[in-house]
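This report refers to the structure that appears directly beneath it.
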Amino acid sequence: MLFNTPQFFAFLAIVLILFYSAPRVLRKYILLAASYFFYMSFIPKFILLLLSLTAIDYTAARWIARTRSPHARKAALVISLSANLGLLGFFKYYNFFAANIAHLFHKPSDAFALSIILPLGISFHTFQSMSYVIDVYRNEQQPITNPIDYALFISFFPQLVAGPIVRAREFFGDLYHWKRPSSDDVLRGLLLLLLGLAKKMVMADQFAQIANGYFQDMSKHPGAVPAWSAVIAFGIQIYFDFSGYTDMAIGMAKLLGFHFPVNFRRPYLASSITDFWHRWHISLSRWLRDYLYIPLGGNRHGRLETYRNLMLTMLLGGMWHGASWNFLVWGGYHGALLSLERMFRRKNAPEGSSWTALYPLKAVITFALVMIGWVFFRAATFHDSLYVLHQMFFVLHGRQLIPSWLKDLALITLLLALFEEKKEWFEKIAIGPAWAYGAVCAILLLSVELIGYTEAAVPFVYFQF
Amino acid sequence: VFAAILCFVALEGVLFHTGLYSSIIEPDSSTGYMELQLRNEIRRPKPNRNQVLAVGHSRMALLPRVVNQETSNQGQRGTGYTFASIGLGGTTPRIWYYALRALDPTARNYAAIVIPTDDFNEPDTYDYQSEREPDLHYLIARLGFRDLMEFPWTYRSRKLQWVTFRGIILKGFVYKRDFLEFLDHPLARIAKARYVDTDSAGWYYGYGGVDQNLAGLRIDWQHKTMQFPDRIPENERKQIEGTVFQPLPPDEGRETAYLSYWYGKIIEHYRGSGTKLIFMRVPRAPTSPPDPAPKPDSAIRQIASQPDVIVLDEHLFDQLEHPDLFWDAQHLNRPGMEQFSKILAAEVRRVLGPPKP
């Protein structure tokens, strides 16, 4: 049941009706049942996995909070982390390592392979679960006593499959002090839901046609121009796909009285790679910072260790996306860029975007660097990535692949992003006059109807992670 | 939220439910071509009711120019009727009904409507006419909310029922591909649509057909083999063989049920209006196929006894089923079309009697 299908909207409508017509005490049970129903609409048997991890982490956190023995606390933490990382490792990385071991022993790549289907959203809910147990271990979070509450935290359907990765204190703050959403929040929620749908169907799915067409058979489109246009098309696709999903998740949460953290802040307007990572998949960046980069030492032990920590964090961040050398290279590429930036950055220089005369140049360079990184993300193999990079830089000819109306659309969204960056039009519209709100919603609906890709419901890119 | 819904309904309505967008639709698309035909026929002067309109698909090869010129050249010795045609490749009886409803809403414009059929036995084919999604595209500009209760439910497939239901309400879904092409070159599109709209009436009636023929072709219907003249290339041979010896599924009466429904709708539309509905079998193939035993409960045989329905002799055009008069497996060439037009016009004149003053 994808977010971009009529079935999902029917499901959401039923959940909202049941949620608001039920007595308050029953509402979390309705949300939990709806979340499990949503999860089981994909591959039902994996509910056992979700339930098992929920039980393990719930018990581990309670054990950590109850016992005074540091060894017992650590043992509980290790059990919890091992369960999460073990299952994640098995489902996500087993075949990758098996193929590499087979390669080492000169055997066929599938010699030790297993037929494994990746459970939906496993990378997201395991990270969310681990952050809770670690927070309890660090005494930054009280253990949750009600297993239903904890199960809902792990399985809450708006963010179960592809985030944002929500912290326990944020979620339980909303759950335990639940307030009926204000009319402004309902309007914001609906607008986000619609904006996310338009981002997905109008932008992501249309640009996906270009990117897929190129990457399925790159030899059909030789030259730098088609290579760059396909890579940019993929860059646009992945941003609008993921941020569209996130907008819908945040919007739905708002309609149910929950508040999710922002996950994207116009990342392609970033003026540096550091700035990009402050704007892209913020909830994952924040997780990696708090549970990996800072525990590794962060930037507290000198330059070389800072670079090492950045590199390790980004390599693991790359691997989080999937088990392939391409993701590892993608992570390493960003780690190297972050290290280089840190190496050459002046002391006390601001990390974010500052609107100076050099900003457009910096933004364009950052955009180009990010696009180069996407080559590793999108290409099927490392060899394919090298082929595309070769085309992009050394075969200077070819015909661009993006039709003019899509380019116009991209330009309009760029202007809207710039306007949002400076003037925050979204908020003004959400709480502005009814006619403006109505007109924007109507345009979004009309764009989904007229421009949205409706041949088939295209799964979200991040569902595979 | 109410404002959002209101704005959306207003925008969608103004764009797609008023004819605004259909006036700039790509003329070479199925919707565009259909609209052009309908607009040209609506605009064609009709000084009296002695008008005969032929509907049909690409095999309905009536050349109104041929029979109308004869009338004007020979005065009273011609048929006395003015012939017009909105025959359009790929269309089906479902489309013809809605086209007639659009052209003749009061059922008073025509003395007769000529409606073709491919085979009086109406065998089922693998290409079920009832499940043709393109019908929605041909008709989208002419379908409205009043059709919601009928049009979608004439499809059997749930998916097509949903697609057509949604398409009638939210026409943008159907116009989507055309709209994206429009966005690529909007000014050029508007110019083309205007040019075609003002200049196209004569093009259709000026069309004379294809000069090629299949002379020398022999078909052994019993053994399902063909002998081609040397000049026919291999790919065309395969295409002709595939069409002529098209495999058929077991007959479950689906085609008959479909035709009964839509012939019935056309008959109902013209009931009591005085307009005659003339059904005829088009020339079938470059040589006459053997006639199977007649299916007595076929739609065409069932409606034959209804008032104002005239079914022309099944074998009227058998003489045209000759390789010299076909350019492919199904379509008459220029001489074939001319002969067809003359025979049909004369037969229509015979069954209608003299035109009314």
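Each chain in the structure tokens gets a letter, A, B and so on, in the order shown; residues start at 1 in every chain, and ligands are counted from 1 in the order they appear.
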
Next on the checklist: as a ChimeraX atom specification, please: the residues near segment 83-97 of chain B (cut-off 7 Å, only C-alpha atoms, same-chain neighbours under 6 positions excluded).
Outcome noted: /B:37,51-58,60,62,64,68,135,139,262,265-266

Next on the checklist: With only C-alpha atoms considered, list every residue of chain B at most 10 Å from chain A, as number ranges by chain.
Outcome noted: B: 1-12, 170-186

Next on the checklist: Residues of segment 110-305 of chain B classed as helix (DSSP H, G or I) by DSSP on the backbone are to be reported as a PyMOL selection string.
Outcome noted: chain B and resi 129-131+134-142+145-147+151-154+158-169+172-184+186-199+201-206+234-244+254-270+299-303

Item to check | Those in segment 227-304 of chain B with strand (DSSP E) from DSSP, as a PyMOL selection string | outcome: chain B and resi 227+276-281

Checklist entry - So which residues touch segment 137-146 of chain A within 7 Å, counting only C-alpha atoms, skipping near sequence neighbours fewer than 4 positions away, as a PyMOL selection string? => result chain A and resi 61-62+64-65+133+150+169

Next on the checklist: Would you compute the distance between atom CA of Phe279 of chain B and atom CA of Thr117 of chain B? Give it in Å to one decimal.
Outcome noted: 7.1 Å

Item to check | Selection: 12 Å around segment 22-24 of chain A, only C-alpha atoms, excl. self and same-chain fewer than 3 positions, as a list in words | outcome: Ile14, Val15, Leu16, Ile17, Leu18, Phe19, Arg27, Lys28, Tyr29, Ile30, Leu31, Leu175, Tyr176, His177, Trp178, Lys179 and Arg180 of chain A

Checklist entry - At what distance in Å, to one decimal, does atom CA of Ala204 of chain A lie from atom CA of Leu269 of chain A? => result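 Between atom CA of Leu269 of chain A and atom CA of Ala204 of chain A the gap works out to 17.8 Å.
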
Next on the checklist: What's around His221 of chain A at 12 Å? Count only C-alpha atoms, leave out sequence neighbours fewer than 2 positions away in its own chain, and write the answer as a list in words.
Outcome noted: Ile210, Ala211, Gly213, Tyr214, Phe215, Gln216, Asp217, Met218, Ser219, Gly223, Ala224, Val225, Pro226, Ala227, Trp228, Ser229, Ala230, Tyr387, Val388, Gln391, Met392, Val395, His397, Gly398, Arg399, Gln400 and Leu401 of chain A

Mind dumping the selected residues with C-alpha atoms as a compact mmCIF listing (two decimals), in the first residue's frame?
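The new file result-v1.txt reads:
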```txt
# COMPACT_ATOMS: atom_id res chain seq x y z
CA ILE A 210 14.50 10.12 -17.95
CA ALA A 211 16.94 8.64 -15.45
CA GLY A 213 15.71 5.35 -19.61
CA TYR A 214 19.38 6.29 -19.48
CA PHE A 215 20.64 3.96 -16.76
CA GLN A 216 18.84 0.92 -18.17
CA ASP A 217 20.99 1.08 -21.29
CA MET A 218 23.65 3.75 -21.14
CA SER A 219 25.23 2.73 -24.42
CA GLY A 223 28.25 11.52 -24.55
CA ALA A 224 28.51 14.03 -21.74
CA VAL A 225 25.24 15.84 -22.42
CA PRO A 226 22.93 12.83 -22.02
CA ALA A 227 25.02 11.57 -19.09
CA TRP A 228 24.77 14.87 -17.23
CA SER A 229 21.07 15.24 -18.02
CA ALA A 230 20.32 11.71 -16.78
CA TYR A 387 31.46 4.42 -17.49
CA VAL A 388 29.00 7.24 -16.69
CA GLN A 391 30.99 9.96 -20.39
CA MET A 392 30.33 13.00 -18.21
CA VAL A 395 33.01 12.38 -24.22
CA HIS A 397 28.93 15.50 -27.25
CA GLY A 398 25.42 14.06 -27.29
CA ARG A 399 21.84 15.20 -27.04
CA GLN A 400 20.24 16.18 -23.78
CA LEU A 401 17.38 13.98 -22.58
```

Checklist entry - Which of these residues is nearest to Met337 of chain B, using only C-alpha atoms: B:Met34, B:Ser288, B:Gly206, B:Val66? => result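 Selected residue with least distance to Met337 of chain B: B:Val66.
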
Checklist entry - In Å, with one decimal, what is the gap from atom CA of Ile154 of chain A to atom CA of Gln128 of chain A? => result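 Atom CA of Ile154 of chain A sits 7.1 Å away from atom CA of Gln128 of chain A.
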
Next on the checklist: List as a VMD selection string the protein and nucleic acid residues near segment 218-227 of chain B, meaning an atom at most 8 Å away when only C-alpha atoms are counted, but skip any in the same chain fewer than 2 places from it.
Outcome noted: chain B and resid 216 229 241 245 287 289 to 290

Could you write those residues out with all heavy atoms, as a PDB file, in the first residue's frame?
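Printed below is result.pdb as written:
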```
ATOM      1  N   GLY B 216      -3.258 -10.433 -58.312  1.00  0.00           N
ATOM      2  CA  GLY B 216      -2.427 -11.634 -58.367  1.00  0.00           C
ATOM      3  C   GLY B 216      -2.493 -12.451 -57.085  1.00  0.00           C
ATOM      4  O   GLY B 216      -2.040 -13.593 -57.045  1.00  0.00           O
ATOM      5  N   PRO B 229       1.652 -12.195 -55.217  1.00  0.00           N
ATOM      6  CA  PRO B 229       2.445 -11.741 -56.362  1.00  0.00           C
ATOM      7  C   PRO B 229       3.843 -11.359 -55.878  1.00  0.00           C
ATOM      8  O   PRO B 229       4.007 -10.956 -54.709  1.00  0.00           O
ATOM      9  CB  PRO B 229       1.679 -10.527 -56.881  1.00  0.00           C
ATOM     10  CG  PRO B 229       0.794 -10.098 -55.768  1.00  0.00           C
ATOM     11  CD  PRO B 229       0.528 -11.298 -54.921  1.00  0.00           C
ATOM     12  N   GLU B 241      -1.432 -12.137 -44.102  1.00  0.00           N
ATOM     13  CA  GLU B 241      -1.782 -13.488 -43.636  1.00  0.00           C
ATOM     14  C   GLU B 241      -2.329 -13.448 -42.209  1.00  0.00           C
ATOM     15  O   GLU B 241      -3.339 -14.066 -41.895  1.00  0.00           O
ATOM     16  CB  GLU B 241      -0.558 -14.402 -43.683  1.00  0.00           C
ATOM     17  CG  GLU B 241      -0.391 -15.070 -45.028  1.00  0.00           C
ATOM     18  CD  GLU B 241       0.854 -15.957 -45.088  1.00  0.00           C
ATOM     19  OE1 GLU B 241       1.790 -15.749 -44.289  1.00  0.00           O
ATOM     20  OE2 GLU B 241       0.864 -16.832 -45.954  1.00  0.00           O
ATOM     21  N   PHE B 245      -6.168 -14.621 -41.789  1.00  0.00           N
ATOM     22  CA  PHE B 245      -6.350 -15.895 -41.069  1.00  0.00           C
ATOM     23  C   PHE B 245      -6.249 -15.696 -39.553  1.00  0.00           C
ATOM     24  O   PHE B 245      -5.678 -16.525 -38.839  1.00  0.00           O
ATOM     25  CB  PHE B 245      -5.309 -16.920 -41.530  1.00  0.00           C
ATOM     26  CG  PHE B 245      -5.413 -17.263 -42.989  1.00  0.00           C
ATOM     27  CD1 PHE B 245      -4.286 -17.298 -43.787  1.00  0.00           C
ATOM     28  CD2 PHE B 245      -6.646 -17.547 -43.556  1.00  0.00           C
ATOM     29  CE1 PHE B 245      -4.378 -17.614 -45.141  1.00  0.00           C
ATOM     30  CE2 PHE B 245      -6.746 -17.858 -44.906  1.00  0.00           C
ATOM     31  CZ  PHE B 245      -5.620 -17.887 -45.707  1.00  0.00           C
ATOM     32  N   THR B 287     -10.389 -11.608 -51.312  1.00  0.00           N
ATOM     33  CA  THR B 287     -11.231 -12.577 -52.035  1.00  0.00           C
ATOM     34  C   THR B 287     -12.321 -12.998 -51.061  1.00  0.00           C
ATOM     35  O   THR B 287     -12.120 -12.946 -49.838  1.00  0.00           O
ATOM     36  CB  THR B 287     -10.462 -13.840 -52.487  1.00  0.00           C
ATOM     37  OG1 THR B 287     -10.136 -14.623 -51.339  1.00  0.00           O
ATOM     38  CG2 THR B 287      -9.199 -13.510 -53.267  1.00  0.00           C
ATOM     39  N   PRO B 289     -14.419 -14.768 -48.537  1.00  0.00           N
ATOM     40  CA  PRO B 289     -14.264 -15.944 -47.682  1.00  0.00           C
ATOM     41  C   PRO B 289     -15.527 -16.811 -47.766  1.00  0.00           C
ATOM     42  O   PRO B 289     -16.600 -16.307 -48.117  1.00  0.00           O
ATOM     43  CB  PRO B 289     -14.105 -15.352 -46.282  1.00  0.00           C
ATOM     44  CG  PRO B 289     -14.572 -13.963 -46.358  1.00  0.00           C
ATOM     45  CD  PRO B 289     -14.614 -13.533 -47.772  1.00  0.00           C
ATOM     46  N   PRO B 290     -15.408 -18.097 -47.429  1.00  0.00           N
ATOM     47  CA  PRO B 290     -16.610 -18.937 -47.452  1.00  0.00           C
ATOM     48  C   PRO B 290     -17.602 -18.458 -46.395  1.00  0.00           C
ATOM     49  O   PRO B 290     -17.197 -17.957 -45.344  1.00  0.00           O
ATOM     50  CB  PRO B 290     -16.070 -20.324 -47.105  1.00  0.00           C
ATOM     51  CG  PRO B 290     -14.752 -20.101 -46.471  1.00  0.00           C
ATOM     52  CD  PRO B 290     -14.215 -18.809 -46.976  1.00  0.00           C
TER      53      PRO B 290
END
```

Next on the checklist: What's around Ala112 of chain B at 6 Å? Count only C-alpha atoms, leave out sequence neighbours fewer than 4 positions away in its own chain, and write the answer as a PyMOL selection string.
Outcome noted: chain B and resi 52+275-277

For the selection you just gave me, I'd like the residues written to a file as a CSV table (one decimal), in the first residue's frame, keeping C-alpha atoms.
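Writing the result to again_19.csv gives the following:
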```
chain,number,residue,atom,x,y,z
B,52,VAL,CA,-27.2,10.7,-45.3
B,275,THR,CA,-34.4,8.7,-39.6
B,276,LYS,CA,-33.7,5.4,-41.2
B,277,LEU,CA,-30.8,3.3,-39.9
```
